[in-house]
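Shown next: structure32.cif, containing mmCIF, C-alpha atoms.
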data_upload
#
loop_
_atom_site.label_atom_id
_atom_site.label_comp_id
_atom_site.auth_asym_id
_atom_site.auth_seq_id
_atom_site.Cartn_x
_atom_site.Cartn_y
_atom_site.Cartn_z
CA LEU M 869 99.89 83.11 108.67
CA ALA M 870 101.97 80.18 107.46
CA LEU M 871 103.46 82.32 104.67
CA ALA M 872 104.01 85.26 107.03
CA VAL M 873 106.60 83.43 109.14
CA PRO M 874 109.32 82.96 106.47
CA LEU M 875 108.64 86.49 105.18
CA ILE M 876 109.14 88.04 108.63
CA GLN M 877 112.20 85.90 109.28
CA GLN M 878 114.22 87.45 106.44
CA LEU M 879 115.38 90.52 108.38
CA ALA M 880 115.91 88.34 111.42
CA THR M 881 118.23 86.21 109.30
CA MET M 882 120.26 89.32 108.45
CA GLY M 883 120.59 90.06 112.16
CA SER M 884 121.79 86.56 112.94
CA VAL M 885 124.41 86.86 110.18
CA HIS M 886 125.62 90.05 111.90
CA PHE M 887 126.35 88.06 115.05
CA LYS M 888 127.72 85.03 113.20
CA LEU M 889 130.35 87.05 111.37
CA ARG M 890 131.49 88.41 114.73
CA LEU M 891 131.55 84.84 116.11
CA GLN M 892 129.00 85.78 118.81
CA ALA M 893 127.10 82.50 118.88
CA LYS M 894 125.99 82.97 122.50
CA LYS M 895 123.90 86.01 121.60
CA ILE M 896 122.18 84.05 118.82
CA SER M 897 121.47 81.21 121.26
CA VAL M 898 119.95 83.60 123.82
CA ILE M 899 117.72 85.27 121.22
CA ASP M 900 116.67 81.90 119.77
CA THR M 901 115.82 80.63 123.26
CA ILE M 902 113.76 83.73 124.10
CA THR M 903 111.78 83.58 120.85
CA PHE M 904 111.24 79.83 121.26
CA VAL M 905 109.85 80.30 124.79
CA VAL M 906 107.58 83.14 123.69
CA GLY M 907 106.31 81.23 120.66
CA THR M 908 105.69 78.06 122.66
CA ALA M 909 103.96 79.94 125.50
CA THR M 910 101.70 81.75 123.02
CA THR M 911 100.83 78.49 121.28
CA LEU M 912 100.02 76.68 124.53
CA TYR M 913 97.89 79.56 125.85
CA LEU M 914 95.85 79.81 122.66
CA LEU M 915 95.56 76.02 122.40
CA VAL M 916 94.62 75.23 126.01
CA ALA M 917 92.92 78.36 127.30
CA MET M 918 91.42 79.87 124.15
CA LYS M 919 90.75 76.59 122.26
CA TYR M 920 92.09 77.96 118.96
CA GLY M 921 93.16 74.54 117.73
CA VAL M 922 95.60 74.41 114.80
CA LEU M 923 95.43 78.20 114.47
CA SER M 924 97.24 78.52 117.81
CA MET M 925 100.40 76.98 116.31
CA LEU M 926 100.37 79.45 113.41
CA ILE M 927 99.86 82.45 115.68
CA GLY M 928 102.60 81.18 118.01
CA GLY M 929 104.99 80.90 115.09
CA VAL M 930 104.18 84.42 113.90
CA SER M 931 104.63 85.85 117.42
CA ALA M 932 108.08 84.26 117.71
CA ALA M 933 109.07 85.56 114.26
CA VAL M 934 107.85 89.11 115.04
CA LEU M 935 109.79 89.16 118.33
CA ALA M 936 112.97 87.99 116.58
CA LEU M 937 112.40 90.63 113.90
CA CYS M 938 112.11 93.42 116.49
CA ILE M 939 115.28 92.31 118.29
CA TYR M 940 117.41 91.93 115.18
CA VAL M 941 116.16 95.14 113.53
CA THR M 942 117.16 97.02 116.69
CA VAL M 943 120.60 95.39 116.54
CA LEU M 944 121.08 96.22 112.85
CA VAL M 945 119.93 99.84 113.24
CA ARG M 946 122.26 100.41 116.19
CA ALA M 947 125.14 98.91 114.20
CA ASP M 948 124.33 101.32 111.35
CA LEU M 949 123.81 98.38 108.97
CA LEU M 950 120.14 98.97 108.23
CA SER M 951 118.50 102.09 106.91
CA PHE M 952 114.88 102.48 105.87
CA GLN M 953 115.42 103.42 102.23
CA PHE M 954 115.19 101.67 98.87
CA ASP M 955 118.35 101.06 96.85
CA PHE M 956 118.02 99.49 93.39
CA ASP M 957 121.73 98.71 93.31
CA VAL M 958 121.46 96.64 96.49
CA LEU M 959 118.35 94.94 95.11
CA LYS M 960 120.13 94.08 91.85
CA LYS M 961 123.17 92.65 93.64
CA GLY M 962 120.98 90.73 96.08
CA LEU M 963 118.88 89.19 93.33
CA ARG M 964 121.96 88.29 91.29
CA PHE M 965 123.36 86.43 94.26
CA SER M 966 120.18 84.84 95.61
CA LEU M 967 118.13 83.90 92.54
CA PRO M 968 120.35 80.89 91.67
CA TYR M 969 119.46 79.44 95.08
CA VAL M 970 115.73 79.34 94.24
CA PRO M 971 116.03 76.45 91.73
CA MET M 972 118.62 74.88 94.04
CA LEU M 973 116.14 74.74 96.93
CA ALA M 974 113.41 73.53 94.57
CA CYS M 975 115.67 70.74 93.32
CA THR M 976 116.57 69.80 96.89
CA TRP M 977 112.87 69.55 97.71
CA ILE M 978 112.25 67.41 94.60
CA ALA M 979 115.16 65.13 95.44
CA GLY M 980 113.82 64.62 98.95
CA LEU M 981 110.32 63.78 97.71
CA SER M 982 110.89 61.78 94.53
CA ASP M 983 111.98 58.60 96.32
CA ARG M 984 108.70 58.35 98.23
CA LEU M 985 106.61 59.08 95.14
CA VAL M 986 108.41 56.39 93.13
CA ILE M 987 108.07 53.86 95.97
CA LEU M 988 104.35 54.64 96.19
CA PHE M 989 103.96 54.29 92.42
CA TYR M 990 105.64 50.88 92.29
CA GLY M 991 104.74 49.67 95.77
CA THR M 992 102.25 50.30 98.56
CA THR M 993 101.57 52.92 101.20
CA ALA M 994 102.91 50.45 103.78
CA SER M 995 106.29 50.31 102.04
CA VAL M 996 106.37 54.13 101.93
CA GLY M 997 105.65 54.21 105.66
CA LEU M 998 108.46 51.76 106.46
CA TYR M 999 110.90 53.64 104.25
CA SER M 1000 109.92 57.02 105.74
CA LEU M 1001 110.41 55.75 109.28
CA GLY M 1002 113.89 54.44 108.57
CA TYR M 1003 114.71 57.57 106.56
CA ASP M 1004 113.64 59.93 109.35
CA ILE M 1005 115.78 58.09 111.91
CA GLY M 1006 118.79 58.31 109.57
CA ARG M 1007 118.07 61.97 108.85
CA MET M 1008 118.75 62.71 112.51
CA LEU M 1009 122.41 62.93 111.47
CA SER M 1010 121.57 66.18 109.67
CA ILE M 1011 121.13 67.75 113.13
CA VAL M 1012 124.81 67.03 113.81
CA SER M 1013 126.10 67.98 110.36
CA SER M 1014 124.10 71.20 110.09
CA SER M 1015 125.09 72.24 113.62
CA VAL M 1016 128.80 71.75 112.88
CA ASN M 1017 128.52 73.59 109.56
CA ARG M 1018 126.53 76.38 111.19
CA VAL M 1019 129.44 77.05 113.54
CA PHE M 1020 132.09 76.85 110.82
CA ASP M 1021 130.36 78.94 108.11
CA PRO M 1022 130.74 82.35 109.84
CA VAL M 1023 134.36 81.50 110.70
CA LEU M 1024 134.99 80.76 107.03
CA TRP M 1025 133.25 83.90 105.76
CA SER M 1026 134.97 86.17 108.27
CA THR M 1027 138.34 84.71 107.23
CA ILE M 1028 137.99 84.35 103.45
CA THR M 1029 137.14 88.04 102.99
CA THR M 1030 140.42 89.09 104.64
CA ASP M 1031 142.88 86.19 104.20
CA VAL M 1032 142.17 83.57 101.54
CA GLU M 1033 145.18 81.42 102.47
CA ARG M 1034 144.11 81.34 106.10
CA ALA M 1035 140.60 80.37 105.02
CA LYS M 1036 142.05 77.59 102.85
CA GLU M 1037 144.04 76.27 105.82
CA ARG M 1038 140.96 76.28 108.03
CA ILE M 1039 138.91 74.39 105.46
CA GLU M 1040 141.67 71.79 105.14
CA ARG M 1041 141.68 71.32 108.92
CA TYR M 1042 137.90 71.42 109.17
CA ILE M 1043 137.06 68.66 106.69
CA PRO M 1044 138.74 65.79 108.66
CA PHE M 1045 137.18 67.11 111.88
CA TYR M 1046 133.75 67.30 110.28
CA PHE M 1047 134.20 63.81 108.85
CA TRP M 1048 135.20 62.40 112.24
CA ILE M 1049 132.16 63.95 113.98
CA THR M 1050 129.61 62.94 111.34
CA PHE M 1051 131.20 59.55 110.61
CA GLY M 1052 131.00 58.78 114.31
CA GLY M 1053 127.38 59.94 114.37
CA ALA M 1054 126.49 57.87 111.30
CA CYS M 1055 128.16 54.78 112.77
CA THR M 1056 126.36 55.30 116.09
CA LEU M 1057 122.98 55.67 114.38
CA SER M 1058 123.69 52.60 112.25
CA LEU M 1059 124.79 50.61 115.29
CA PHE M 1060 121.70 51.42 117.36
CA ALA M 1061 119.13 51.76 114.54
CA LYS M 1062 117.60 48.36 115.19
CA GLU M 1063 117.28 48.96 118.95
CA ILE M 1064 115.78 52.42 118.40
CA ILE M 1065 113.08 51.18 116.04
CA LEU M 1066 112.39 47.98 118.00
CA GLY M 1067 112.03 49.99 121.19
CA LEU M 1068 109.77 52.71 119.78
CA THR M 1069 107.53 50.98 117.23
CA ASP M 1070 105.20 48.07 116.72
CA SER M 1071 106.52 44.80 115.27
CA LYS M 1072 105.20 45.58 111.78
CA PHE M 1073 107.68 48.51 111.56
CA HIS M 1074 110.77 46.64 112.78
CA SER M 1075 112.18 45.99 109.30
CA ALA M 1076 112.53 49.75 108.70
CA TRP M 1077 115.88 49.86 110.49
CA VAL M 1078 117.78 48.65 107.38
CA VAL M 1079 117.14 52.02 105.69
CA THR M 1080 118.65 54.06 108.53
CA PRO M 1081 122.40 53.36 108.07
CA ILE M 1082 122.31 54.20 104.35
CA VAL M 1083 120.46 57.49 104.91
CA ALA M 1084 122.75 58.42 107.81
CA PHE M 1085 125.83 58.10 105.61
CA ALA M 1086 124.02 59.98 102.84
CA TYR M 1087 123.68 62.99 105.16
CA LEU M 1088 127.32 62.64 106.13
CA VAL M 1089 128.24 63.06 102.45
CA SER M 1090 125.76 65.89 101.89
CA GLY M 1091 127.32 68.01 104.63
CA LEU M 1092 130.75 67.80 103.01
CA TYR M 1093 129.68 70.02 100.11
CA GLY M 1094 129.16 73.03 102.41
CA PRO M 1095 132.71 74.49 102.42
CA PHE M 1096 133.04 73.98 98.65
CA SER M 1097 129.71 75.68 97.95
CA ASN M 1098 130.80 78.61 100.15
CA ILE M 1099 133.93 78.99 98.02
CA LEU M 1100 131.79 79.13 94.87
CA ALA M 1101 129.37 81.58 96.48
CA TYR M 1102 132.22 83.87 97.57
CA HIS M 1103 133.48 83.96 93.97
CA ASP M 1104 129.98 84.82 92.71
CA LYS M 1105 129.40 81.36 91.23
CA ALA M 1106 126.24 80.42 93.10
CA TRP M 1107 124.73 79.32 89.80
CA LEU M 1108 127.18 76.40 89.77
CA VAL M 1109 125.80 75.26 93.14
CA ALA M 1110 122.27 75.55 91.76
CA LEU M 1111 123.24 73.58 88.67
CA GLY M 1112 124.77 70.91 90.90
CA ALA M 1113 121.51 70.67 92.86
CA PHE M 1114 119.65 70.25 89.55
CA VAL M 1115 122.00 67.43 88.52
CA GLN M 1116 121.48 65.83 91.93
CA ALA M 1117 117.68 65.99 91.66
CA VAL M 1118 117.63 64.60 88.11
CA SER M 1119 120.06 61.78 88.92
CA ASN M 1120 118.08 60.92 92.06
CA LEU M 1121 114.83 60.70 90.09
CA ILE M 1122 116.33 58.68 87.22
CA LEU M 1123 118.07 56.22 89.55
CA ASN M 1124 114.87 55.78 91.55
CA LEU M 1125 112.85 55.05 88.42
CA ILE M 1126 115.42 52.45 87.33
CA LEU M 1127 116.37 50.78 90.61
CA VAL M 1128 113.24 50.87 92.79
CA PRO M 1129 111.20 48.56 90.48
CA MET M 1130 114.15 46.14 90.40
CA PHE M 1131 115.32 46.12 94.03
CA GLY M 1132 112.49 47.63 96.06
CA PRO M 1133 112.36 50.57 98.52
CA LEU M 1134 115.88 49.96 99.85
CA ALA M 1135 117.24 51.06 96.46
CA ALA M 1136 115.78 54.53 97.09
CA ALA M 1137 118.06 54.94 100.11
CA TRP M 1138 121.08 54.02 97.98
CA THR M 1139 120.05 56.51 95.28
CA THR M 1140 119.83 59.21 97.97
CA LEU M 1141 123.40 58.39 99.00
CA GLY M 1142 124.52 58.37 95.37
CA SER M 1143 122.87 61.68 94.50
CA PHE M 1144 124.39 63.42 97.54
CA PHE M 1145 127.77 62.06 96.50
CA ILE M 1146 127.27 63.53 93.01
CA LEU M 1147 126.42 66.95 94.50
CA THR M 1148 129.47 66.95 96.79
CA LEU M 1149 131.75 65.80 93.97
CA TRP M 1150 130.32 68.50 91.70
CA THR M 1151 130.92 71.39 94.14
CA TRP M 1152 134.39 70.08 95.05
CA TYR M 1153 135.42 69.82 91.38
CA TYR M 1154 134.34 73.33 90.41
CA SER M 1155 135.61 74.96 93.63
CA ARG M 1156 139.12 73.77 92.71
CA SER M 1157 139.18 76.40 89.98
CA TYR M 1158 139.28 79.07 92.70
CA VAL M 1159 140.73 77.46 95.84
CA LYS M 1160 142.46 74.08 95.71
CA ILE M 1161 141.73 72.31 98.97
CA LYS M 1162 143.99 69.46 100.09
CA ILE M 1163 141.84 66.71 101.59
CA GLY M 1164 143.31 65.19 104.73
CA TRP M 1165 143.00 61.60 103.57
CA ARG M 1166 145.31 60.38 106.35
CA TYR M 1167 142.94 61.63 109.03
CA ILE M 1168 139.85 60.43 107.16
CA GLY M 1169 141.46 57.00 106.66
CA THR M 1170 142.18 56.80 110.38
CA SER M 1171 138.53 57.59 111.21
CA VAL M 1172 137.36 54.88 108.79
CA SER M 1173 139.86 52.42 110.31
CA VAL M 1174 138.45 53.11 113.78
CA GLY M 1175 134.96 52.41 112.46
CA LEU M 1176 136.04 49.18 110.79
CA ALA M 1177 137.79 48.07 113.99
CA ALA M 1178 134.62 48.71 115.98
CA VAL M 1179 132.48 46.79 113.48
CA THR M 1180 134.94 43.88 113.52
CA LEU M 1181 134.86 43.79 117.32
CA TYR M 1182 131.06 43.72 117.29
CA PHE M 1183 130.80 40.83 114.82
CA LEU M 1184 133.47 38.85 116.69
CA THR M 1185 131.74 39.22 120.06
CA SER M 1186 128.03 39.18 119.11
CA PRO M 1187 127.81 35.35 118.77
CA PHE M 1188 128.67 35.04 122.49
CA ILE M 1189 125.74 37.07 123.83
CA GLY M 1190 122.05 36.22 124.10
CA GLU M 1191 119.21 37.40 121.91
CA ALA M 1192 117.75 39.78 124.49
CA LEU M 1193 117.52 43.39 123.37
CA TRP M 1194 119.30 44.73 126.45
CA GLN M 1195 122.27 42.41 125.87
CA SER M 1196 122.72 43.62 122.31
CA PHE M 1197 122.38 47.20 123.47
CA LEU M 1198 125.02 46.72 126.19
CA LEU M 1199 127.46 45.14 123.72
CA LYS M 1200 127.01 48.01 121.29
CA CYS M 1201 127.63 50.54 124.06
CA CYS M 1202 130.94 48.74 124.81
CA VAL M 1203 131.85 48.82 121.12
CA LEU M 1204 131.05 52.53 120.97
CA ALA M 1205 133.25 53.16 124.02
CA PHE M 1206 136.05 51.20 122.32
CA ALA M 1207 135.73 53.39 119.20
CA CYS M 1208 135.82 56.58 121.30
CA PHE M 1209 138.97 55.35 123.06
CA LEU M 1210 140.68 54.64 119.73
CA SER M 1211 139.67 58.08 118.45
CA TYR M 1212 141.28 59.62 121.52
CA LEU M 1213 144.53 57.75 120.91
CA LEU M 1214 144.79 58.04 117.13
CA PRO M 1215 145.10 61.11 114.87
CA VAL M 1216 141.55 61.24 113.50
CA PHE M 1217 141.92 64.99 112.84
CA ASP M 1218 144.44 67.76 113.41
CA LYS M 1219 144.25 68.16 117.19
CA ARG M 1220 146.48 71.21 117.40
CA PRO M 1221 144.60 74.16 118.96
CA ASP M 1222 143.28 76.73 116.55
CA GLU M 1223 142.22 79.71 118.63
CA ILE M 1224 139.44 81.68 116.99
CA TYR M 1225 138.79 85.15 118.36
CA PRO M 1226 136.11 87.65 117.33
CA ILE M 1227 137.52 89.75 114.51
CA SER M 1228 137.71 93.52 114.60
CA ASP M 1229 134.62 95.59 113.78
CA GLU M 1230 136.31 96.93 110.62
CA LYS M 1231 137.03 93.45 109.26
CA ALA M 1232 133.66 92.17 110.45
CA ASN M 1233 131.87 94.97 108.58
CA GLU M 1234 133.86 94.15 105.44
CA ALA M 1235 132.96 90.46 105.77
CA GLU M 1236 129.33 91.34 106.46
CA LYS M 1237 129.03 93.47 103.33
CA THR M 1238 130.58 90.68 101.25
CA SER M 1239 128.23 88.12 102.79
#
Represent the structure of the file as structure tokens.
Amino acid sequence: LALAVPLIQQLATMGSVHFKLRLQAKKISVIDTITFVVGTATTLYLLVAMKYGVLSMLIGGVSAAVLALCIYVTVLVRADLLSFQFDFDVLKKGLRFSLPYVPMLACTWIAGLSDRLVILFYGTTASVGLYSLGYDIGRMLSIVSSSVNRVFDPVLWSTITTDVERAKERIERYIPFYFWITFGGACTLSLFAKEIILGLTDSKFHSAWVVTPIVAFAYLVSGLYGPFSNILAYHDKAWLVALGAFVQAVSNLILNLILVPMFGPLAAAWTTLGSFFILTLWTWYYSRSYVKIKIGWRYIGTSVSVGLAAVTLYFLTSPFIGEALWQSFLLKCCVLAFACFLSYLLPVFDKRPDEIYPISDEKANEAEKTS
């Protein structure tokens, strides 16, 4: 049952791409909500009424996946994008495009696991637990970064297949905006990491907060490679993305083996940040051979300046408040409001409107076939 879910979801993924390339995010949200409700209701019924235990979660997941499959297959058939026949040419093209992503995903999994294994080898299970807690809090930034990239990816694909220069312009405008959103999220998580962990955990876990800021900024950097990897994928160079993931995984493992015995578990967080930086730098460098993207350093520098101003304000005012948790929390909320106000006043990204309308069915079909 556990293996059935990702297998069933493949055609559902094709259906969601159909809506994404037409910029119809609302339909995806409605379908996702319906399948979530059905899956959750099935799980709760089997768990509470039928006493199926862990099996209820697996059956609930399968039921949600089957419902999504039925909906999206209907959509694809009506759009004349799915026919029940076997085509070796389609299979060959699909495998040529997708097989490089298999080692990439494997390397990503290795990179995400190696730090904990090395910490466990040189330390204790308690140190792994502390590191994992701080890491998971910092990883919450991936919710923001993946959500922003999920919205932008179909816009990029629908544009790059019809107008490369327009796609280039959108990427150049998107990067400072993405940086502002995720930099603000990383700073917010870093600012409130101590209060979050102190408020939710026992005293023996309180030191875990020092890992959170490093991991948060690591996921900021990891999200930046998305537009560059899409450029490589569009030009049929997915193997370069896979090779970059391999380099990231190897560098992460080597740095962990060198630095963790010397500096402890905190070094693993820094190696995560460093390996994500290597992956982003790799995809950016090789994407320049096809599309040269101008990075909006002026906007990015303004965002960083806002963050530095907020940090300076916090350190200047923190000596004048008490040690109570609520006082520190209130001060940080004021600092966050100050940063938001500065972001409103200053050019942290290109704030000119960029109206994005659903593209025509002809262009959408062309983009869909390319995707």
Margin query: As an exercise, work out the distance from atom CA of Lys960 of chain M to atom CA of Val873 of chain M in Å and give it to one decimal place.
Written below: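 Separation between atom CA of Lys960 of chain M and atom CA of Val873 of chain M: 24.4 Å.
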Item checked: Gap from atom CA of Gly1002 of chain M to atom CA of Val1079 of chain M - Å, one decimal ->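 According to the coordinates, atom CA of Gly1002 of chain M and atom CA of Val1079 of chain M are separated by 5.0 Å.
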Next item on the list: For atom CA of Met925 of chain M and atom CA of Thr908 of chain M, quote the distance in Å rounded to one decimal.
Entry: 8.3 Å
Notebook entry, point to check: Out of M:Val970, M:Leu1092, M:Ala1205, M:Ile1082, which residue has the shortest atom-to-atom distance to Val1174 of chain M when counting only C-alpha atoms?
Noted result: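 Once distances to Val1174 of chain M are computed over only C-alpha atoms, the minimum belongs to M:Ala1205.
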Item checked: Residue nearest Tyr1042 of chain M among M:Phe1073, M:Tyr1167, M:Tyr1087, M:Phe1060 (counting all atoms listed in the file) ->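 That would be M:Tyr1167, the residue with the smallest distance to Tyr1042 of chain M.
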Next item on the list: Check the smallest atom-to-atom distance from each of M:Tyr1102, M:Phe1145, M:Phe904, M:Trp977 to Leu1088 of chain M using only C-alpha atoms, then report the winner.
Entry: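 Closest candidate: M:Phe1145.
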Next item on the list: Check which residues satisfy the PyMOL selection byres ((chain M and resi 1076) around 10) in the file shown, then give them as an MDAnalysis selection string.
Entry: chainID M and resid 995 997:1003 1005 1061:1062 1065:1066 1069 1072:1075 1077:1080 1134
Item checked: Given only C-alpha atoms as the counted atoms, nearest of M:Ala1110, M:Ala1135, M:Leu1214, M:Val1203 to Thr1170 of chain M ->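 Closest candidate: M:Leu1214.
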Next item on the list: Choose the residue, out of M:Leu1184, M:Val1032, M:Ala880, M:Val1115, that has the smallest atom-to-atom separation from Val941 of chain M; count only C-alpha atoms.
Entry: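 The closest residue to Val941 of chain M is M:Ala880.
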Next item on the list: Expand the PyMOL selection byres ((chain M and resi 1128) around 10) into the individual residues it matches in the shown file, reporting them as a PyMOL selection string.
Entry: chain M and resi 983+986-987+989-991+1123-1127+1129-1139
With C-alpha atoms retained, could you export that selection as a compact mmCIF listing (two decimals), keeping the file's coordinate frame?
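selection27.txt written:
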# COMPACT_ATOMS: atom_id res chain seq x y z
CA ASP M 983 111.98 58.60 96.32
CA VAL M 986 108.41 56.39 93.13
CA ILE M 987 108.07 53.86 95.97
CA PHE M 989 103.96 54.29 92.42
CA TYR M 990 105.64 50.88 92.29
CA GLY M 991 104.74 49.67 95.77
CA LEU M 1123 118.07 56.22 89.55
CA ASN M 1124 114.87 55.78 91.55
CA LEU M 1125 112.85 55.05 88.42
CA ILE M 1126 115.42 52.45 87.33
CA LEU M 1127 116.37 50.78 90.61
CA PRO M 1129 111.20 48.56 90.48
CA MET M 1130 114.15 46.14 90.40
CA PHE M 1131 115.32 46.12 94.03
CA GLY M 1132 112.49 47.63 96.06
CA PRO M 1133 112.36 50.57 98.52
CA LEU M 1134 115.88 49.96 99.85
CA ALA M 1135 117.24 51.06 96.46
CA ALA M 1136 115.78 54.53 97.09
CA ALA M 1137 118.06 54.94 100.11
CA TRP M 1138 121.08 54.02 97.98
CA THR M 1139 120.05 56.51 95.28
Next item on the list: Could you expand the PyMOL selection byres ((chain M and resi 1052) around 10) into the explicit residues it covers here, written as a list in words?
Entry: Leu1009, Tyr1046, Phe1047, Trp1048, Ile1049, Thr1050, Phe1051, Gly1053, Ala1054, Cys1055, Thr1056, Leu1057, Ser1058, Leu1088, Ser1171, Val1172, Val1174, Gly1175, Leu1204, Ala1207, Cys1208 and Ser1211 of chain M
Residue contacts of Ala1113 of chain M (12 Å, all atoms listed in the file) excluding same-chain residues fewer than 2 positions away, as a PDB file with C-alpha atoms, in the coordinates of the input:
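Output file out.pdb follows:
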ATOM      1  CA  PRO M 968     120.350  80.890  91.670  1.00  0.00           C
ATOM      2  CA  TYR M 969     119.460  79.440  95.080  1.00  0.00           C
ATOM      3  CA  VAL M 970     115.730  79.340  94.240  1.00  0.00           C
ATOM      4  CA  PRO M 971     116.030  76.450  91.730  1.00  0.00           C
ATOM      5  CA  MET M 972     118.620  74.880  94.040  1.00  0.00           C
ATOM      6  CA  LEU M 973     116.140  74.740  96.930  1.00  0.00           C
ATOM      7  CA  ALA M 974     113.410  73.530  94.570  1.00  0.00           C
ATOM      8  CA  CYS M 975     115.670  70.740  93.320  1.00  0.00           C
ATOM      9  CA  THR M 976     116.570  69.800  96.890  1.00  0.00           C
ATOM     10  CA  TRP M 977     112.870  69.550  97.710  1.00  0.00           C
ATOM     11  CA  ILE M 978     112.250  67.410  94.600  1.00  0.00           C
ATOM     12  CA  ALA M 979     115.160  65.130  95.440  1.00  0.00           C
ATOM     13  CA  GLY M 980     113.820  64.620  98.950  1.00  0.00           C
ATOM     14  CA  SER M1090     125.760  65.890 101.890  1.00  0.00           C
ATOM     15  CA  TYR M1093     129.680  70.020 100.110  1.00  0.00           C
ATOM     16  CA  SER M1097     129.710  75.680  97.950  1.00  0.00           C
ATOM     17  CA  ALA M1106     126.240  80.420  93.100  1.00  0.00           C
ATOM     18  CA  TRP M1107     124.730  79.320  89.800  1.00  0.00           C
ATOM     19  CA  LEU M1108     127.180  76.400  89.770  1.00  0.00           C
ATOM     20  CA  VAL M1109     125.800  75.260  93.140  1.00  0.00           C
ATOM     21  CA  ALA M1110     122.270  75.550  91.760  1.00  0.00           C
ATOM     22  CA  LEU M1111     123.240  73.580  88.670  1.00  0.00           C
ATOM     23  CA  VAL M1115     122.000  67.430  88.520  1.00  0.00           C
ATOM     24  CA  GLN M1116     121.480  65.830  91.930  1.00  0.00           C
ATOM     25  CA  ALA M1117     117.680  65.990  91.660  1.00  0.00           C
ATOM     26  CA  VAL M1118     117.630  64.600  88.110  1.00  0.00           C
ATOM     27  CA  SER M1119     120.060  61.780  88.920  1.00  0.00           C
ATOM     28  CA  ASN M1120     118.080  60.920  92.060  1.00  0.00           C
ATOM     29  CA  SER M1143     122.870  61.680  94.500  1.00  0.00           C
ATOM     30  CA  PHE M1144     124.390  63.420  97.540  1.00  0.00           C
ATOM     31  CA  PHE M1145     127.770  62.060  96.500  1.00  0.00           C
ATOM     32  CA  ILE M1146     127.270  63.530  93.010  1.00  0.00           C
ATOM     33  CA  LEU M1147     126.420  66.950  94.500  1.00  0.00           C
ATOM     34  CA  THR M1148     129.470  66.950  96.790  1.00  0.00           C
ATOM     35  CA  LEU M1149     131.750  65.800  93.970  1.00  0.00           C
ATOM     36  CA  TRP M1150     130.320  68.500  91.700  1.00  0.00           C
ATOM     37  CA  THR M1151     130.920  71.390  94.140  1.00  0.00           C
TER      38      THR M1151
END
Margin query: Residues near Gln878 of chain M, anyone? I mean within 12 Å using all atoms listed in the file, not counting same-chain ones fewer than 2 positions away, as number ranges by chain.
Written below: M: 872-876, 880-885, 933-934, 936-938, 940-941
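Using all atoms listed in the file, the smallest distance between any of M:Asp900, M:Glu1191, M:Glu1033, M:Asp948 and His886 of chain M comes from M:Asp948.
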